[in-house]
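**Q** Contents are PDB, C-alpha atoms; file name query_7.pdb:
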```pdb
ATOM      1  CA  MET A   1    -129.703-117.404  48.067  1.00  0.00           C
ATOM      2  CA  SER A   2    -127.800-114.833  50.038  1.00  0.00           C
ATOM      3  CA  ALA A   3    -124.922-117.310  50.598  1.00  0.00           C
ATOM      4  CA  LEU A   4    -124.632-117.809  46.827  1.00  0.00           C
ATOM      5  CA  ARG A   5    -124.798-114.069  46.259  1.00  0.00           C
ATOM      6  CA  ALA A   6    -122.054-113.477  48.844  1.00  0.00           C
ATOM      7  CA  ALA A   7    -119.836-116.133  47.229  1.00  0.00           C
ATOM      8  CA  VAL A   8    -120.236-114.623  43.728  1.00  0.00           C
ATOM      9  CA  LEU A   9    -119.603-111.119  45.094  1.00  0.00           C
ATOM     10  CA  SER A  10    -116.436-112.178  46.935  1.00  0.00           C
ATOM     11  CA  LEU A  11    -115.213-114.046  43.851  1.00  0.00           C
ATOM     12  CA  ALA A  12    -115.807-110.969  41.657  1.00  0.00           C
ATOM     13  CA  LEU A  13    -114.070-108.646  44.103  1.00  0.00           C
ATOM     14  CA  GLY A  14    -111.141-111.045  44.495  1.00  0.00           C
ATOM     15  CA  THR A  15    -110.695-111.262  40.717  1.00  0.00           C
ATOM     16  CA  LEU A  16    -110.908-107.480  40.426  1.00  0.00           C
ATOM     17  CA  GLY A  17    -108.334-107.075  43.181  1.00  0.00           C
ATOM     18  CA  LEU A  18    -105.880-109.484  41.543  1.00  0.00           C
ATOM     19  CA  THR A  19    -106.130-107.796  38.160  1.00  0.00           C
ATOM     20  CA  THR A  20    -105.682-104.355  39.702  1.00  0.00           C
ATOM     21  CA  PHE A  21    -102.427-105.164  41.476  1.00  0.00           C
ATOM     22  CA  ALA A  22    -100.904-107.276  38.741  1.00  0.00           C
ATOM     23  CA  ALA A  23     -99.528-105.006  36.036  1.00  0.00           C
ATOM     24  CA  PRO A  24     -97.511-107.214  33.666  1.00  0.00           C
ATOM     25  CA  ALA A  25     -97.294-104.551  30.934  1.00  0.00           C
ATOM     26  CA  ARG A  26     -95.099-102.254  33.043  1.00  0.00           C
ATOM     27  CA  ALA A  27     -93.284-104.962  34.948  1.00  0.00           C
ATOM     28  CA  TRP A  28     -90.576-105.472  32.309  1.00  0.00           C
ATOM     29  CA  TRP A  29     -89.801-101.796  31.610  1.00  0.00           C
ATOM     30  CA  ALA A  30     -89.557 -99.054  34.165  1.00  0.00           C
ATOM     31  CA  GLY A  31     -87.955 -96.278  32.088  1.00  0.00           C
ATOM     32  CA  TYR A  32     -84.506 -94.754  32.232  1.00  0.00           C
ATOM     33  CA  GLY A  33     -84.719 -93.384  35.783  1.00  0.00           C
ATOM     34  CA  TRP A  34     -84.765 -89.668  34.882  1.00  0.00           C
ATOM     35  CA  GLY A  35     -88.495 -89.357  34.514  1.00  0.00           C
ATOM     36  CA  TYR A  36     -88.572 -90.468  30.866  1.00  0.00           C
ATOM     37  CA  ARG A  37     -90.952 -93.374  30.373  1.00  0.00           C
ATOM     38  CA  GLY A  38     -90.314 -94.299  26.745  1.00  0.00           C
ATOM     39  CA  TYR A  39     -89.926 -97.607  25.019  1.00  0.00           C
ATOM     40  CA  PRO A  40     -86.515 -99.292  24.741  1.00  0.00           C
ATOM     41  CA  LEU A  41     -84.506 -98.685  21.602  1.00  0.00           C
ATOM     42  CA  TYR A  42     -84.586-101.344  18.914  1.00  0.00           C
ATOM     43  CA  VAL A  43     -81.146-102.549  17.806  1.00  0.00           C
ATOM     44  CA  ALA A  44     -81.198-104.011  14.314  1.00  0.00           C
ATOM     45  CA  PRO A  45     -78.991-106.986  13.394  1.00  0.00           C
ATOM     46  CA  PRO A  46     -75.873-106.227  11.323  1.00  0.00           C
ATOM     47  CA  PRO A  47     -76.363-106.082   7.544  1.00  0.00           C
ATOM     48  CA  VAL A  48     -75.552-109.120   5.440  1.00  0.00           C
ATOM     49  CA  VAL A  49     -72.317-108.550   3.518  1.00  0.00           C
ATOM     50  CA  TYR A  50     -71.472-110.475   0.355  1.00  0.00           C
ATOM     51  CA  ALA A  51     -67.924-111.772   0.496  1.00  0.00           C
ATOM     52  CA  PRO A  52     -66.182-111.926  -2.893  1.00  0.00           C
ATOM     53  CA  PRO A  53     -64.686-115.230  -4.017  1.00  0.00           C
ATOM     54  CA  PRO A  54     -61.095-115.901  -2.856  1.00  0.00           C
ATOM     55  CA  VAL A  55     -59.746-116.244  -6.423  1.00  0.00           C
ATOM     56  CA  TYR A  56     -59.981-113.770  -9.295  1.00  0.00           C
ATOM     57  CA  TYR A  57     -61.108-115.380 -12.525  1.00  0.00           C
ATOM     58  CA  PRO A  58     -60.306-113.261 -15.606  1.00  0.00           C
ATOM     59  CA  PRO A  59     -63.197-112.565 -17.970  1.00  0.00           C
ATOM     60  CA  PRO A  60     -63.488-114.662 -21.145  1.00  0.00           C
ATOM     61  CA  GLY A  61     -61.879-111.914 -23.290  1.00  0.00           C
ATOM     62  CA  TYR A  62     -58.447-112.732 -21.833  1.00  0.00           C
ATOM     63  CA  TYR A  63     -58.427-116.398 -22.781  1.00  0.00           C
ATOM     64  CA  VAL A  64     -56.147-117.754 -25.504  1.00  0.00           C
ATOM     65  CA  PRO A  65     -57.324-116.613 -28.927  1.00  0.00           C
ATOM     66  CA  VAL A  66     -58.024-119.332 -31.448  1.00  0.00           C
ATOM     67  CA  GLY A  67     -57.141-119.472 -35.104  1.00  0.00           C
ATOM     68  CA  ARG A  68     -58.788-121.272 -37.992  1.00  0.00           C
ATOM     69  CA  ALA A  69     -56.151-120.908 -40.722  1.00  0.00           C
ATOM     70  CA  CYS A  70     -52.598-122.161 -41.128  1.00  0.00           C
ATOM     71  CA  TYR A  71     -50.171-119.767 -42.826  1.00  0.00           C
ATOM     72  CA  ALA A  72     -47.288-121.828 -44.252  1.00  0.00           C
ATOM     73  CA  GLY A  73     -45.190-119.504 -46.451  1.00  0.00           C
ATOM     74  CA  ALA A  74     -47.020-119.069 -49.756  1.00  0.00           C
ATOM     75  CA  TYR A  75     -49.705-121.559 -48.707  1.00  0.00           C
ATOM     76  CA  ILE A  76     -52.761-120.914 -46.581  1.00  0.00           C
ATOM     77  CA  CYS A  77     -55.018-123.786 -45.592  1.00  0.00           C
ATOM     78  CA  GLN A  78     -58.085-124.017 -43.407  1.00  0.00           C
ATOM     79  CA  LEU A  79     -57.867-125.991 -40.146  1.00  0.00           C
ATOM     80  CA  PRO A  80     -60.490-128.642 -39.248  1.00  0.00           C
ATOM     81  CA  GLY A  81     -61.218-127.018 -35.842  1.00  0.00           C
ATOM     82  CA  PRO A  82     -60.180-124.196 -33.541  1.00  0.00           C
ATOM     83  CA  VAL A  83     -56.483-124.287 -32.568  1.00  0.00           C
ATOM     84  CA  PRO A  84     -54.650-121.844 -30.223  1.00  0.00           C
ATOM     85  CA  ALA A  85     -53.153-118.961 -32.194  1.00  0.00           C
ATOM     86  CA  GLY A  86     -49.361-119.043 -32.527  1.00  0.00           C
ATOM     87  CA  SER A  87     -49.028-122.828 -32.479  1.00  0.00           C
ATOM     88  CA  SER A  88     -47.356-124.698 -35.341  1.00  0.00           C
ATOM     89  CA  CYS A  89     -49.314-126.377 -38.098  1.00  0.00           C
ATOM     90  CA  SER A  90     -48.786-127.844 -41.547  1.00  0.00           C
ATOM     91  CA  CYS A  91     -50.553-127.532 -44.869  1.00  0.00           C
ATOM     92  CA  PRO A  92     -50.640-130.360 -47.425  1.00  0.00           C
ATOM     93  CA  VAL A  93     -48.880-129.326 -50.658  1.00  0.00           C
ATOM     94  CA  SER A  94     -47.993-131.184 -53.871  1.00  0.00           C
ATOM     95  CA  GLY A  95     -44.624-132.428 -52.575  1.00  0.00           C
ATOM     96  CA  GLY A  96     -45.663-133.251 -48.947  1.00  0.00           C
ATOM     97  CA  TYR A  97     -46.363-130.753 -46.160  1.00  0.00           C
ATOM     98  CA  ALA A  98     -45.416-127.112 -45.611  1.00  0.00           C
ATOM     99  CA  VAL A  99     -44.887-126.109 -41.969  1.00  0.00           C
ATOM    100  CA  GLY A 100     -46.438-122.839 -40.782  1.00  0.00           C
ATOM    101  CA  GLN A 101     -48.091-121.007 -37.929  1.00  0.00           C
ATOM    102  CA  VAL A 102     -51.735-120.680 -36.869  1.00  0.00           C
ATOM    103  CA  ARG A 103     -53.174-117.149 -37.028  1.00  0.00           C
TER     104      ARG A 103
END
```
Written as C-alpha cells, that's how I'd like the structure from this file.
**A**
Amino acid sequence: MSALRAAVLSLALGTLGLTTFAAPARAWWAGYGWGYRGYPLYVAPPPVVYAPPPVYYPPPGYYVPVGRACYAGAYICQLPGPVPAGSSCSCPVSGGYAVGQVR
C-alpha cells in the first residue's frame, strides 16, 4: 500500500510542478518593456466603402418628353400612342392628310 501511495503522491507532485512552471497565458505577451503590462491594442479592419457606378445615368425627368396630340395647322388630332414631342405627324382631313408636329 505504501508503494501505491508513493506513486500517487509523486504523480500529483509532478503534475503540480508542470502546471506551476508552464504559464501559457503570459507566454505570448510580455508588455511593452517599460513596466506597463497591458493588453495589446486592437486594430480594426478598414471600413467598407461603397464605390459609385462608373457611369452617370440621368434621372427619368430628363428623358424625351412624349406627346399625344398632333397639331397640323387648324387641325388637331389625337395620336394612337405616345410619340416623342417635336417629331412630325399627320392628321387625316377631308382632302387627304395635313402635316403637323407632335406636342
**Q** Applying the PyMOL selection byres ((chain A and resi 90) around 9) to the file I just gave you, which residues come out? Please list them as a compact mmCIF listing (two decimals) with C-alpha atoms, in the coordinates of the input.
**A**
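For reference, expr-v5.txt as written:
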```
# COMPACT_ATOMS: atom_id res chain seq x y z
CA CYS A 70 -52.60 -122.16 -41.13
CA TYR A 71 -50.17 -119.77 -42.83
CA ALA A 72 -47.29 -121.83 -44.25
CA CYS A 77 -55.02 -123.79 -45.59
CA SER A 88 -47.36 -124.70 -35.34
CA CYS A 89 -49.31 -126.38 -38.10
CA CYS A 91 -50.55 -127.53 -44.87
CA PRO A 92 -50.64 -130.36 -47.42
CA TYR A 97 -46.36 -130.75 -46.16
CA ALA A 98 -45.42 -127.11 -45.61
CA VAL A 99 -44.89 -126.11 -41.97
CA GLY A 100 -46.44 -122.84 -40.78
CA GLN A 101 -48.09 -121.01 -37.93
```
**Q** Take atom CA of A:Val83 and atom CA of A:Ala69 and report the distance between them in Å, one decimal.
**A**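 Distance reported for this atom pair: 8.8 Å.
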**Q** Give me the residues near A:Pro84 as an mmCIF file with C-alpha atoms, in the frame of the given file, where near means some atom within 9 Å (using all atoms listed in the file) and where sequence neighbours in that chain fewer than 2 positions away do not count.
**A**
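Saved as selection33.cif:
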```cif
data_model
loop_
_atom_site.group_PDB
_atom_site.id
_atom_site.type_symbol
_atom_site.label_atom_id
_atom_site.label_comp_id
_atom_site.auth_asym_id
_atom_site.auth_seq_id
_atom_site.Cartn_x
_atom_site.Cartn_y
_atom_site.Cartn_z
ATOM 1 C CA VAL A 64 -56.147 -117.754 -25.504
ATOM 2 C CA PRO A 65 -57.324 -116.613 -28.927
ATOM 3 C CA VAL A 66 -58.024 -119.332 -31.448
ATOM 4 C CA GLY A 67 -57.141 -119.472 -35.104
ATOM 5 C CA ARG A 68 -58.788 -121.272 -37.992
ATOM 6 C CA PRO A 82 -60.180 -124.196 -33.541
ATOM 7 C CA GLY A 86 -49.361 -119.043 -32.527
ATOM 8 C CA SER A 87 -49.028 -122.828 -32.479
ATOM 9 C CA VAL A 102 -51.735 -120.680 -36.869
ATOM 10 C CA ARG A 103 -53.174 -117.149 -37.028
#
```
**Q** So how far away is atom CA of A:Gly95 from atom CA of A:Leu79, in Å?
**A**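 Computed distance, atom CA of A:Leu79 to atom CA of A:Gly95, equals 19.3 Å.
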**Q** Quick one, how far is atom CA of A:Tyr75 from atom CA of A:Gly96?
**A** 12.4 Å
**Q** Box along x, y and z, 5 Å on every side, all listed atoms of stretch 39-55 of chain A inside: centre and edge lengths in Å to one decimal, as lines of an AutoDock Vina configuration file.
**A**
```
center_x = -74.8
center_y = -106.9
center_z = 9.3
size_x = 40.2
size_y = 28.6
size_z = 41.4
```
